[in-house]
$ cat target38.cif   # mmCIF, C-alpha atoms and all ligand atoms
data_final
#
loop_
_atom_site.label_atom_id
_atom_site.label_comp_id
_atom_site.auth_asym_id
_atom_site.auth_seq_id
_atom_site.Cartn_x
_atom_site.Cartn_y
_atom_site.Cartn_z
CA MET A 1 -50.31 24.73 -67.61
CA SER A 2 -48.99 27.70 -65.65
CA ALA A 3 -48.84 27.58 -61.86
CA PHE A 4 -51.69 28.99 -59.81
CA ARG A 5 -50.37 31.96 -57.79
CA TRP A 6 -51.54 32.68 -54.25
CA GLY A 7 -51.09 35.81 -52.18
CA ILE A 8 -51.35 35.49 -48.40
CA PHE A 9 -52.84 38.07 -46.01
CA GLY A 10 -51.65 37.63 -42.43
CA THR A 11 -48.63 36.07 -40.82
CA GLY A 12 -50.32 33.93 -38.13
CA THR A 13 -50.27 30.18 -37.57
CA ILE A 14 -53.11 29.52 -39.95
CA SER A 15 -51.39 31.30 -42.83
CA ALA A 16 -48.35 29.12 -42.17
CA LYS A 17 -50.48 25.93 -42.18
CA PHE A 18 -52.12 26.95 -45.46
CA VAL A 19 -48.79 27.65 -47.14
CA ALA A 20 -47.37 24.37 -45.82
CA GLY A 21 -50.44 22.51 -47.11
CA LEU A 22 -50.09 23.81 -50.67
CA VAL A 23 -47.09 21.51 -51.14
CA ALA A 24 -49.62 18.70 -51.62
CA THR A 25 -51.10 20.27 -54.72
CA ALA A 26 -49.39 20.47 -58.09
CA GLN A 27 -48.72 23.60 -60.12
CA THR A 28 -49.28 26.00 -57.24
CA GLU A 29 -47.03 28.68 -55.83
CA VAL A 30 -47.22 31.40 -53.21
CA SER A 31 -46.18 34.73 -54.71
CA PHE A 32 -46.28 36.99 -51.67
CA VAL A 33 -47.21 37.35 -48.04
CA ALA A 34 -48.60 40.63 -46.73
CA SER A 35 -48.51 41.96 -43.20
CA ARG A 36 -49.07 45.18 -41.29
CA SER A 37 -45.34 45.13 -40.62
CA ALA A 38 -42.48 44.71 -43.10
CA ALA A 39 -40.44 42.81 -40.50
CA ARG A 40 -43.18 40.25 -39.81
CA ALA A 41 -43.81 39.77 -43.52
CA GLN A 42 -40.09 39.18 -44.11
CA ARG A 43 -39.82 36.74 -41.21
CA PHE A 44 -42.80 34.74 -42.49
CA ALA A 45 -41.45 34.83 -46.05
CA ALA A 46 -38.06 33.55 -44.92
CA ARG A 47 -39.51 30.72 -42.79
CA MET A 48 -42.13 29.61 -45.30
CA ARG A 49 -40.00 30.18 -48.42
CA VAL A 50 -42.29 32.80 -49.92
CA PRO A 51 -40.50 34.95 -52.52
CA ARG A 52 -42.01 38.35 -51.64
CA ALA A 53 -42.90 40.13 -48.41
CA ILE A 54 -45.18 43.15 -48.67
CA GLU A 55 -45.90 45.71 -45.98
CA GLY A 56 -49.56 46.74 -45.91
CA TYR A 57 -52.57 44.78 -47.05
CA ALA A 58 -53.86 47.51 -49.33
CA ASN A 59 -50.43 47.76 -51.01
CA ALA A 60 -50.44 44.02 -51.65
CA ALA A 61 -53.91 44.14 -53.23
CA GLN A 62 -52.84 47.04 -55.44
CA GLU A 63 -49.74 45.18 -56.59
CA GLY A 64 -51.79 42.11 -57.46
CA GLY A 65 -50.04 39.70 -59.81
CA VAL A 66 -51.76 36.68 -58.22
CA ASP A 67 -54.70 34.44 -59.13
CA ALA A 68 -56.26 34.58 -55.65
CA ILE A 69 -55.59 35.86 -52.14
CA TYR A 70 -56.04 33.80 -49.01
CA ILE A 71 -57.18 35.97 -46.10
CA ALA A 72 -56.16 34.65 -42.69
CA THR A 73 -56.50 37.75 -40.54
CA PRO A 74 -58.74 37.92 -37.43
CA PRO A 75 -62.45 37.32 -38.23
CA ALA A 76 -63.62 40.89 -37.63
CA LEU A 77 -61.14 42.13 -40.27
CA HIS A 78 -62.16 39.67 -42.99
CA VAL A 79 -64.68 42.03 -44.56
CA GLU A 80 -62.23 44.96 -44.84
CA HIS A 81 -59.41 42.80 -46.22
CA ALA A 82 -61.64 40.82 -48.59
CA LEU A 83 -63.23 43.96 -50.00
CA THR A 84 -59.79 45.49 -50.56
CA CYS A 85 -58.95 42.51 -52.79
CA ILE A 86 -62.36 42.32 -54.42
CA HIS A 87 -62.22 46.01 -55.37
CA ALA A 88 -58.84 45.29 -56.98
CA GLY A 89 -60.53 42.46 -58.93
CA ILE A 90 -58.71 39.66 -57.09
CA PRO A 91 -60.59 36.45 -56.08
CA VAL A 92 -60.53 35.68 -52.35
CA LEU A 93 -60.53 32.65 -50.09
CA VAL A 94 -61.56 34.03 -46.70
CA GLU A 95 -60.85 32.17 -43.47
CA LYS A 96 -63.74 31.04 -41.31
CA PRO A 97 -66.00 32.57 -40.18
CA LEU A 98 -66.63 34.64 -43.30
CA ALA A 99 -67.45 37.60 -41.06
CA THR A 100 -68.53 38.26 -37.49
CA THR A 101 -71.78 40.12 -38.12
CA ILE A 102 -74.61 39.74 -40.61
CA ASP A 103 -73.97 43.29 -41.83
CA ASP A 104 -70.30 42.54 -42.54
CA ALA A 105 -71.08 39.22 -44.23
CA THR A 106 -73.70 40.90 -46.41
CA ARG A 107 -71.29 43.69 -47.38
CA LEU A 108 -68.62 41.15 -48.33
CA ILE A 109 -71.03 39.01 -50.36
CA ASP A 110 -72.62 42.01 -52.09
CA GLY A 111 -69.14 43.34 -52.86
CA ALA A 112 -68.11 40.07 -54.49
CA ARG A 113 -71.33 39.69 -56.46
CA ASP A 114 -71.56 43.35 -57.58
CA ASN A 115 -67.96 43.27 -58.80
CA ALA A 116 -68.27 39.74 -60.26
CA VAL A 117 -65.25 38.54 -58.28
CA PHE A 118 -64.98 35.03 -56.85
CA ALA A 119 -65.21 34.67 -53.05
CA MET A 120 -65.40 31.62 -50.82
CA GLU A 121 -65.18 30.92 -47.09
CA ALA A 122 -62.17 28.75 -46.23
CA MET A 123 -64.22 26.09 -44.43
CA TRP A 124 -61.53 23.56 -45.31
CA THR A 125 -63.17 20.61 -43.50
CA ARG A 126 -66.01 20.54 -46.04
CA PHE A 127 -63.55 19.62 -48.79
CA LEU A 128 -61.88 16.70 -47.02
CA PRO A 129 -62.49 13.27 -48.58
CA ALA A 130 -63.91 11.85 -45.31
CA VAL A 131 -66.65 14.48 -45.20
CA ARG A 132 -67.64 13.70 -48.78
CA LEU A 133 -67.71 10.02 -47.83
CA LEU A 134 -69.97 10.74 -44.86
CA ARG A 135 -72.36 12.62 -47.09
CA ASP A 136 -72.42 9.77 -49.63
CA TYR A 137 -73.14 7.25 -46.88
CA LEU A 138 -75.93 9.39 -45.45
CA ASP A 139 -77.40 9.78 -48.94
CA GLY A 140 -77.40 5.97 -49.03
CA HIS A 141 -79.34 5.87 -45.70
CA CYS A 142 -76.50 4.13 -43.89
CA VAL A 143 -78.15 4.69 -40.50
CA GLY A 144 -81.77 4.48 -41.65
CA GLU A 145 -83.78 7.57 -40.86
CA VAL A 146 -81.51 10.22 -39.33
CA ARG A 147 -82.98 11.58 -36.09
CA MET A 148 -80.17 13.46 -34.38
CA LEU A 149 -76.62 14.63 -34.58
CA ALA A 150 -74.22 15.27 -31.75
CA ALA A 151 -71.00 17.25 -32.02
CA SER A 152 -68.44 18.69 -29.68
CA LEU A 153 -65.11 20.45 -29.87
CA GLY A 154 -63.11 22.01 -27.07
CA VAL A 155 -59.59 23.29 -26.54
CA ALA A 156 -58.53 24.58 -23.11
CA LYS A 157 -56.70 27.83 -23.89
CA THR A 158 -55.13 30.26 -21.44
CA VAL A 159 -57.10 33.48 -21.23
CA ARG A 160 -55.05 36.23 -22.83
CA ALA A 161 -56.82 39.42 -23.82
CA GLU A 162 -54.34 40.03 -26.66
CA ASN A 163 -55.10 36.62 -28.21
CA THR A 164 -57.73 36.80 -30.97
CA SER A 165 -59.70 33.92 -29.41
CA PHE A 166 -60.41 36.09 -26.35
CA ASN A 167 -60.71 39.44 -28.12
CA PRO A 168 -64.33 40.49 -28.73
CA VAL A 169 -63.32 43.29 -31.10
CA LEU A 170 -61.30 40.99 -33.41
CA GLY A 171 -64.00 38.29 -33.49
CA GLY A 172 -63.00 35.91 -30.71
CA GLY A 173 -65.17 33.48 -28.80
CA ALA A 174 -65.97 29.79 -28.90
CA ILE A 175 -68.65 30.10 -31.56
CA SER A 176 -66.50 32.08 -33.95
CA GLN A 177 -63.37 29.99 -33.38
CA LEU A 178 -64.88 26.49 -33.03
CA GLY A 179 -68.68 26.48 -33.21
CA VAL A 180 -68.65 27.26 -36.92
CA TYR A 181 -67.25 23.77 -37.63
CA PRO A 182 -70.25 21.74 -36.40
CA LEU A 183 -72.59 24.45 -37.68
CA SER A 184 -71.11 24.26 -41.16
CA LEU A 185 -70.87 20.46 -41.23
CA GLY A 186 -74.48 20.09 -40.08
CA GLN A 187 -75.57 22.53 -42.76
CA TYR A 188 -73.58 20.69 -45.45
CA LEU A 189 -75.28 17.41 -44.53
CA PHE A 190 -78.79 18.51 -43.56
CA GLY A 191 -79.39 21.99 -44.97
CA PRO A 192 -80.61 25.07 -43.13
CA ALA A 193 -81.16 24.93 -39.37
CA THR A 194 -83.20 26.82 -36.82
CA LEU A 195 -81.59 27.67 -33.50
CA MET A 196 -83.72 26.29 -30.67
CA HIS A 197 -81.67 27.21 -27.66
CA ALA A 198 -78.18 28.29 -26.64
CA LEU A 199 -76.52 28.81 -23.32
CA GLY A 200 -72.97 29.58 -22.38
CA ASN A 201 -70.38 31.17 -20.16
CA VAL A 202 -69.13 34.60 -21.07
CA GLY A 203 -65.62 35.22 -19.75
CA GLU A 204 -63.82 38.21 -18.30
CA THR A 205 -62.84 39.48 -21.77
CA GLN A 206 -66.52 39.39 -22.78
CA VAL A 207 -66.34 36.57 -25.30
CA ASP A 208 -68.37 33.35 -25.24
CA GLU A 209 -66.01 30.73 -23.78
CA ASP A 210 -68.20 27.63 -23.36
CA VAL A 211 -71.35 27.26 -25.45
CA ALA A 212 -73.99 24.56 -25.73
CA PHE A 213 -76.67 24.84 -28.39
CA HIS A 214 -79.52 22.94 -29.96
CA LEU A 215 -80.66 23.17 -33.55
CA ARG A 216 -83.47 21.69 -35.61
CA TYR A 217 -82.92 20.95 -39.30
CA GLN A 218 -85.64 20.95 -41.92
CA GLN A 219 -86.14 17.20 -41.85
CA ASN A 220 -86.65 17.38 -38.06
CA VAL A 221 -83.10 16.24 -37.41
CA LEU A 222 -82.11 17.57 -33.99
CA ALA A 223 -78.59 18.67 -33.17
CA THR A 224 -76.98 18.97 -29.80
CA CYS A 225 -73.55 20.63 -29.80
CA TYR A 226 -71.05 22.06 -27.35
CA VAL A 227 -67.86 23.95 -27.97
CA SER A 228 -65.35 25.56 -25.66
CA ILE A 229 -62.13 27.59 -25.73
CA ARG A 230 -61.64 27.00 -21.97
CA SER A 231 -62.25 23.26 -21.65
CA TRP A 232 -61.12 20.16 -23.47
CA ALA A 233 -63.98 18.39 -25.21
CA PRO A 234 -63.95 15.47 -27.62
CA SER A 235 -63.58 16.54 -31.23
CA GLU A 236 -66.52 14.46 -32.44
CA PHE A 237 -69.32 14.49 -34.96
CA ARG A 238 -71.94 11.73 -34.75
CA VAL A 239 -75.06 11.17 -36.79
CA LEU A 240 -77.67 8.98 -35.13
CA GLY A 241 -80.43 7.14 -36.92
CA THR A 242 -82.96 4.37 -36.65
CA THR A 243 -80.51 1.65 -37.64
CA GLY A 244 -77.30 2.87 -36.09
CA GLU A 245 -74.74 5.58 -35.82
CA VAL A 246 -72.12 6.98 -38.14
CA CYS A 247 -69.36 9.24 -36.92
CA LEU A 248 -66.36 10.96 -38.35
CA ARG A 249 -63.19 9.07 -37.55
CA GLY A 250 -60.64 11.34 -35.93
CA PRO A 251 -61.05 15.01 -35.12
CA LEU A 252 -64.18 16.62 -36.52
CA ILE A 253 -62.14 19.43 -38.08
CA ARG A 254 -59.82 16.99 -39.88
CA PRO A 255 -61.36 13.52 -40.12
CA SER A 256 -59.70 10.59 -41.87
CA GLY A 257 -62.73 8.37 -42.46
CA ILE A 258 -65.99 7.30 -40.91
CA THR A 259 -67.05 4.64 -38.42
CA LEU A 260 -70.40 3.03 -38.98
CA SER A 261 -72.11 1.08 -36.20
CA ARG A 262 -75.25 -0.69 -37.23
CA ARG A 263 -77.94 -1.89 -34.88
CA SER A 264 -81.22 -3.48 -35.64
CA VAL A 265 -84.37 -1.62 -34.67
CA GLU A 266 -85.33 -2.88 -31.24
CA GLN A 267 -88.49 -4.95 -31.24
CA LEU A 268 -89.96 -4.04 -27.91
CA ASP A 269 -91.86 -6.82 -26.23
CA GLU A 270 -92.83 -5.92 -22.71
CA ARG A 271 -93.56 -9.51 -21.89
CA ASP A 272 -90.14 -10.82 -22.77
CA TYR A 273 -89.42 -13.37 -20.07
CA GLY A 274 -87.45 -15.60 -22.46
CA TRP A 275 -84.18 -17.32 -21.66
CA ARG A 276 -82.05 -14.60 -23.30
CA MET A 277 -83.55 -11.90 -21.13
CA ARG A 278 -83.19 -14.02 -18.01
CA LEU A 279 -79.59 -14.91 -18.86
CA ARG A 280 -78.69 -11.23 -19.36
CA GLN A 281 -79.90 -10.40 -15.86
CA ARG A 282 -77.60 -12.93 -14.19
CA GLY A 283 -75.09 -11.41 -11.79
CA TRP A 284 -72.09 -13.42 -13.07
CA LEU A 285 -72.77 -12.35 -16.67
CA ASN A 286 -72.99 -8.68 -15.63
CA TRP A 287 -69.81 -9.16 -13.56
CA LEU A 288 -68.02 -10.43 -16.67
CA ALA A 289 -69.50 -7.83 -19.04
CA GLN A 290 -68.37 -4.94 -16.80
CA ARG A 291 -64.84 -6.24 -16.59
CA LEU A 292 -64.65 -6.82 -20.34
CA GLY A 293 -66.13 -3.37 -20.98
CA ARG A 294 -69.00 -4.89 -22.98
CA THR A 295 -72.34 -3.18 -23.36
CA ALA A 296 -75.64 -4.97 -23.61
CA LEU A 297 -76.23 -3.66 -27.13
CA LYS A 298 -75.13 -5.71 -30.08
CA THR A 299 -73.22 -3.56 -32.55
CA SER A 300 -70.92 -4.17 -35.42
CA ALA A 301 -68.67 -1.22 -36.12
CA THR A 302 -66.93 -0.79 -39.44
CA THR A 303 -64.32 1.84 -40.07
CA ILE A 304 -63.85 3.12 -43.58
CA GLY A 305 -60.69 5.16 -43.99
CA ARG A 306 -60.65 8.10 -46.37
CA PHE A 307 -57.31 9.72 -45.75
CA TYR A 308 -56.46 13.29 -46.63
CA ALA A 309 -53.21 14.11 -48.39
CA GLY A 310 -50.68 16.54 -46.92
CA ASN A 311 -52.15 18.44 -43.97
CA GLY A 312 -55.58 18.65 -45.60
CA TYR A 313 -55.54 22.40 -46.22
CA HIS A 314 -55.01 22.24 -49.97
CA TYR A 315 -58.41 20.78 -50.93
CA GLN A 316 -60.09 24.18 -50.47
CA ALA A 317 -57.33 25.76 -52.59
CA GLU A 318 -58.01 23.22 -55.33
CA GLU A 319 -61.70 24.10 -55.18
CA VAL A 320 -60.86 27.80 -55.71
CA ARG A 321 -58.68 26.94 -58.68
CA ARG A 322 -61.34 24.62 -60.15
CA CYS A 323 -64.05 27.28 -59.80
CA LEU A 324 -61.89 29.97 -61.38
CA GLN A 325 -60.91 27.71 -64.26
CA GLN A 326 -64.60 27.02 -64.88
CA GLY A 327 -65.48 30.70 -64.62
CA SER A 328 -67.66 30.17 -61.51
CA LEU A 329 -67.97 33.09 -59.13
CA GLU A 330 -68.95 30.84 -56.21
CA SER A 331 -68.31 27.30 -55.08
CA SER A 332 -71.31 24.99 -55.16
CA CYS A 333 -69.80 23.09 -52.21
CA MET A 334 -69.32 26.21 -50.08
CA PRO A 335 -71.65 28.87 -51.49
CA LEU A 336 -71.73 32.35 -49.98
CA SER A 337 -75.38 31.86 -48.98
CA ASP A 338 -74.27 28.98 -46.72
CA SER A 339 -71.60 31.17 -45.14
CA LEU A 340 -74.14 33.93 -44.54
CA GLU A 341 -76.48 31.47 -42.85
CA ILE A 342 -73.70 30.35 -40.50
CA VAL A 343 -72.95 33.97 -39.61
CA GLN A 344 -76.68 34.45 -38.93
CA LEU A 345 -76.87 31.38 -36.67
CA SER A 346 -73.68 32.43 -34.86
CA GLU A 347 -75.10 35.90 -34.26
CA GLN A 348 -78.36 34.40 -32.94
CA ILE A 349 -76.38 32.21 -30.55
CA ARG A 350 -74.38 35.18 -29.31
CA HIS A 351 -77.63 37.15 -28.90
CA GLN A 352 -78.93 34.44 -26.59
CA LEU A 353 -75.66 34.66 -24.64
CA ARG A 354 -75.97 38.47 -24.67
CA THR A 355 -72.50 39.05 -26.12
CA VAL A 356 -73.93 41.12 -29.02
N1 LIG B 401 -58.52 26.73 -40.83
C1 LIG B 401 -58.19 26.53 -39.59
O1 LIG B 401 -57.74 25.45 -39.19
C2 LIG B 401 -58.32 27.63 -38.61
C3 LIG B 401 -58.05 27.41 -37.27
C4 LIG B 401 -58.12 28.49 -36.41
C5 LIG B 401 -58.45 29.75 -36.89
N2 LIG B 401 -58.75 29.91 -38.19
C6 LIG B 401 -59.09 31.24 -38.75
O2 LIG B 401 -57.92 31.70 -39.43
C7 LIG B 401 -57.78 33.10 -39.29
C8 LIG B 401 -56.41 33.40 -38.76
O3 LIG B 401 -56.21 32.72 -37.56
P1 LIG B 401 -54.86 32.94 -36.70
O4 LIG B 401 -55.01 32.15 -35.48
O5 LIG B 401 -53.68 32.76 -37.58
O6 LIG B 401 -55.11 34.50 -36.38
P2 LIG B 401 -54.25 35.57 -35.62
O7 LIG B 401 -52.93 35.03 -35.26
O8 LIG B 401 -55.09 36.17 -34.57
O9 LIG B 401 -54.12 36.69 -36.76
C9 LIG B 401 -53.54 36.37 -37.99
C10 LIG B 401 -52.81 37.58 -38.55
O10 LIG B 401 -53.70 38.62 -38.82
C11 LIG B 401 -52.92 39.81 -38.97
N3 LIG B 401 -53.64 40.98 -38.48
C12 LIG B 401 -54.07 42.00 -39.24
N4 LIG B 401 -54.66 42.93 -38.51
C13 LIG B 401 -54.62 42.51 -37.24
C14 LIG B 401 -55.04 43.07 -35.99
N5 LIG B 401 -55.65 44.26 -35.93
N6 LIG B 401 -54.82 42.36 -34.88
C15 LIG B 401 -54.22 41.17 -34.93
N7 LIG B 401 -53.78 40.60 -36.09
C16 LIG B 401 -53.97 41.28 -37.23
C17 LIG B 401 -51.64 39.56 -38.17
O11 LIG B 401 -50.58 39.54 -39.09
P3 LIG B 401 -49.66 40.84 -39.22
O12 LIG B 401 -49.40 41.30 -37.82
O13 LIG B 401 -48.46 40.28 -39.88
O14 LIG B 401 -50.41 41.83 -40.03
C18 LIG B 401 -51.81 38.17 -37.60
O15 LIG B 401 -50.64 37.42 -37.58
C19 LIG B 401 -58.95 33.54 -38.41
O16 LIG B 401 -59.96 34.02 -39.24
C20 LIG B 401 -59.40 32.29 -37.73
O17 LIG B 401 -60.79 32.29 -37.43
C21 LIG B 401 -58.67 28.88 -39.06
#
$ encode --input "target38.cif" --output "structure tokens"
Amino acid sequence: MSAFRWGIFGTGTISAKFVAGLVATAQTEVSFVASRSAARAQRFAARMRVPRAIEGYANAAQEGGVDAIYIATPPALHVEHALTCIHAGIPVLVEKPLATTIDDATRLIDGARDNAVFAMEAMWTRFLPAVRLLRDYLDGHCVGEVRMLAASLGVAKTVRAENTSFNPVLGGGAISQLGVYPLSLGQYLFGPATLMHALGNVGETQVDEDVAFHLRYQQNVLATCYVSIRSWAPSEFRVLGTTGEVCLRGPLIRPSGITLSRRSVEQLDERDYGWRMRLRQRGWLNWLAQRLGRTALKTSATTIGRFYAGNGYHYQAEEVRRCLQQGSLESSCMPLSDSLEIVQLSEQIRHQLRTV
């Protein structure tokens, strides 16, 4: 079997992580890296051991000679760069978010479909073994009837107008950079969502910096989420149901398993004056419980590890290869319709924050 050949668009950190991650997958090589500047392409190629450095994205697409191109340029440029490849007949793996506006996402998707060229959003988290495990457990009703999910993700970054995260023209902002993770995970587990409410802080560079939002999924599952590029926030994803809670173990963007805490449904009896209730109200028992950090609720938590190989970035690359080998133009795990829906939700959130 011949090696699968990748081309890389962009010389940022994420391109470097993707190239580093490919080591974990067999029969794969990176043929070239493309940049706006020959010097940056050469520097990246030297550091990441990529054989060819090409100046100009359009030149790289014209040269071709690869099985797929990974596009890791700023979000607002995804559509232009993806269409350049698609028009040259080259399959694309496009970093998240697929695009920054509904118009751009639609143009990209139509371009791929009209030209019968494979395209997929690089929502790498979806392909990690722990996320698959979570979905299997939820399919098995591990927490009874799911009622809510809660997710957060925050990284306190320094405001720098030249940084993509704070640049409204390039597709910065907390929703574009971080919010898409809980949005996409929620969608993967519970299907389409309706935005109920969003509020946030818009910073001096006019991007959304802190955002809180609520969603409702089709099965009436409610989601409460907050993301920030100015504040630290736990990287968490929790699903709450009638018989307990299941959460991703480790960061929500790169989990390594799940933790399941089961609780029995509380049988409420208003007239419970029994010895257990009376014992629990004793001062000395509360004194002890506080110092031991115990809560009143009885839980049994089980952690099930599902570790990712390498740095976790190669699973999405394997999905692209699998789809192409099967002749599929889209991934069933990360279809373009899902990506479009996330762009739509993101745009609705930004509308409520008045940044679009
Ligand atoms: N998967 C993940 O874990 C993850 C995490 C964060 C972000 N992302 C996504 O990955 C993508 C790349 O992120 P990043 O942080 O590496 O991005 P970045 O540093 O802002 O940009 C990546 C590269 O895009 C190229 N580029 C082309 N036109 C540009 C322009 N007009 N202005 C600035 N850069 C331009 C630059 O390379 P040249 O100068 O060499 O052309 C730059 O190095 C984004 O779509 C982002 O949303 C993914």
$ atom_distance --input "target38.cif" --atom1 "atom CA of A:Ile253" --atom2 "atom CA of A:Thr125"
5.6 Å
$ closest_residue --input "target38.cif" --among "A:Ala116, A:Leu292, A:Ala26, A:Ile175" --to "ligand LIG 401 (chain B)" --atoms "all atoms listed in the file"
A:Ile175
$ residues_near_ligand --input "target38.cif" --ligand "ligand LIG 401 (chain B)" --cutoff "6 Å" --atoms "only C-alpha atoms and all ligand atoms" --output "list of chain:residue names"
A:Gly10, A:Thr11, A:Gly12, A:Thr13, A:Ile14, A:Ser15, A:Ser35, A:Arg36, A:Ser37, A:Arg40, A:Ala41, A:Ala72, A:Thr73, A:Pro74, A:Pro75, A:Glu95, A:Lys96, A:Pro97, A:Thr164, A:Gln177
$ closest_residue --input "target38.cif" --among "A:Cys323, A:Leu199, A:Ile229, A:Met123" --to "A:Arg354" --atoms "all atoms listed in the file"
A:Leu199
$ residues_around --input "target38.cif" --residues "A:Ala156" --least-positions-apart "5" --cutoff "9 Å" --atoms "only C-alpha atoms" --output "list in words"
Ser228, Ile229, Arg230, Ser231, Trp232 and Ala233 of chain A
$ residues_around --input "target38.cif" --residues "A:Leu185" --least-positions-apart "3" --cutoff "12 Å" --atoms "all atoms listed in the file" --output "PyMOL selection string"
chain A and resi 123-128+130-132+134-135+149-152+178-182+188-193+223+225+236-239+248+252-255+333-334+338-339+342
$ atom_distance --input "target38.cif" --atom1 "atom CA of A:Gln348" --atom2 "atom CA of A:Asp110"
21.4 Å
$ residues_around --input "target38.cif" --residues "A:Val79" --least-positions-apart "3" --cutoff "12 Å" --atoms "all atoms listed in the file" --output "ChimeraX atom specification"
/A:71-76,82-87,92-112,119,121,170-171
$ write_last_selection --input "target38.cif" --atoms "C-alpha atoms" --output "mmCIF file, keeping the file's coordinate frame"
data_model
loop_
_atom_site.group_PDB
_atom_site.id
_atom_site.type_symbol
_atom_site.label_atom_id
_atom_site.label_comp_id
_atom_site.auth_asym_id
_atom_site.auth_seq_id
_atom_site.Cartn_x
_atom_site.Cartn_y
_atom_site.Cartn_z
ATOM 1 C CA ILE A 71 -57.180 35.970 -46.100
ATOM 2 C CA ALA A 72 -56.160 34.650 -42.690
ATOM 3 C CA THR A 73 -56.500 37.750 -40.540
ATOM 4 C CA PRO A 74 -58.740 37.920 -37.430
ATOM 5 C CA PRO A 75 -62.450 37.320 -38.230
ATOM 6 C CA ALA A 76 -63.620 40.890 -37.630
ATOM 7 C CA ALA A 82 -61.640 40.820 -48.590
ATOM 8 C CA LEU A 83 -63.230 43.960 -50.000
ATOM 9 C CA THR A 84 -59.790 45.490 -50.560
ATOM 10 C CA CYS A 85 -58.950 42.510 -52.790
ATOM 11 C CA ILE A 86 -62.360 42.320 -54.420
ATOM 12 C CA HIS A 87 -62.220 46.010 -55.370
ATOM 13 C CA VAL A 92 -60.530 35.680 -52.350
ATOM 14 C CA LEU A 93 -60.530 32.650 -50.090
ATOM 15 C CA VAL A 94 -61.560 34.030 -46.700
ATOM 16 C CA GLU A 95 -60.850 32.170 -43.470
ATOM 17 C CA LYS A 96 -63.740 31.040 -41.310
ATOM 18 C CA PRO A 97 -66.000 32.570 -40.180
ATOM 19 C CA LEU A 98 -66.630 34.640 -43.300
ATOM 20 C CA ALA A 99 -67.450 37.600 -41.060
ATOM 21 C CA THR A 100 -68.530 38.260 -37.490
ATOM 22 C CA THR A 101 -71.780 40.120 -38.120
ATOM 23 C CA ILE A 102 -74.610 39.740 -40.610
ATOM 24 C CA ASP A 103 -73.970 43.290 -41.830
ATOM 25 C CA ASP A 104 -70.300 42.540 -42.540
ATOM 26 C CA ALA A 105 -71.080 39.220 -44.230
ATOM 27 C CA THR A 106 -73.700 40.900 -46.410
ATOM 28 C CA ARG A 107 -71.290 43.690 -47.380
ATOM 29 C CA LEU A 108 -68.620 41.150 -48.330
ATOM 30 C CA ILE A 109 -71.030 39.010 -50.360
ATOM 31 C CA ASP A 110 -72.620 42.010 -52.090
ATOM 32 C CA GLY A 111 -69.140 43.340 -52.860
ATOM 33 C CA ALA A 112 -68.110 40.070 -54.490
ATOM 34 C CA ALA A 119 -65.210 34.670 -53.050
ATOM 35 C CA GLU A 121 -65.180 30.920 -47.090
ATOM 36 C CA LEU A 170 -61.300 40.990 -33.410
ATOM 37 C CA GLY A 171 -64.000 38.290 -33.490
#
$ closest_residue --input "target38.cif" --among "A:Val202, A:Val30, A:Ile69, A:Leu153" --to "A:Val320" --atoms "all atoms listed in the file"
A:Ile69
$ atom_distance --input "target38.cif" --atom1 "atom CA of A:Asn201" --atom2 "atom CA of A:Leu353"
7.8 Å
$ decode --input "target38.cif" --residues "stretch 23-32 of chain A" --atoms "N, CA and C atoms" --output "compact mmCIF listing (two decimals), in the first residue's frame"
# COMPACT_ATOMS: atom_id res chain seq x y z
N VAL A 23 2.72 11.24 12.90
CA VAL A 23 3.70 10.19 13.21
C VAL A 23 2.98 8.95 13.76
N ALA A 24 1.83 9.18 14.41
CA ALA A 24 1.12 8.07 15.05
C ALA A 24 0.34 7.21 14.06
N THR A 25 0.32 7.60 12.81
CA THR A 25 -0.44 6.81 11.84
C THR A 25 0.50 6.25 10.76
N ALA A 26 0.25 5.02 10.39
CA ALA A 26 1.16 4.34 9.46
C ALA A 26 0.94 4.81 8.02
N GLN A 27 1.93 4.61 7.21
CA GLN A 27 1.82 4.85 5.76
C GLN A 27 1.29 6.23 5.43
N THR A 28 1.83 7.24 6.09
CA THR A 28 1.39 8.61 5.84
C THR A 28 2.62 9.50 5.73
N GLU A 29 2.60 10.42 4.80
CA GLU A 29 3.72 11.36 4.73
C GLU A 29 3.21 12.75 4.39
N VAL A 30 3.99 13.74 4.75
CA VAL A 30 3.65 15.12 4.40
C VAL A 30 4.54 15.49 3.23
N SER A 31 3.92 15.87 2.12
CA SER A 31 4.70 16.14 0.90
C SER A 31 5.17 17.58 0.83
N PHE A 32 4.30 18.52 1.25
CA PHE A 32 4.73 19.93 1.19
C PHE A 32 4.01 20.76 2.25
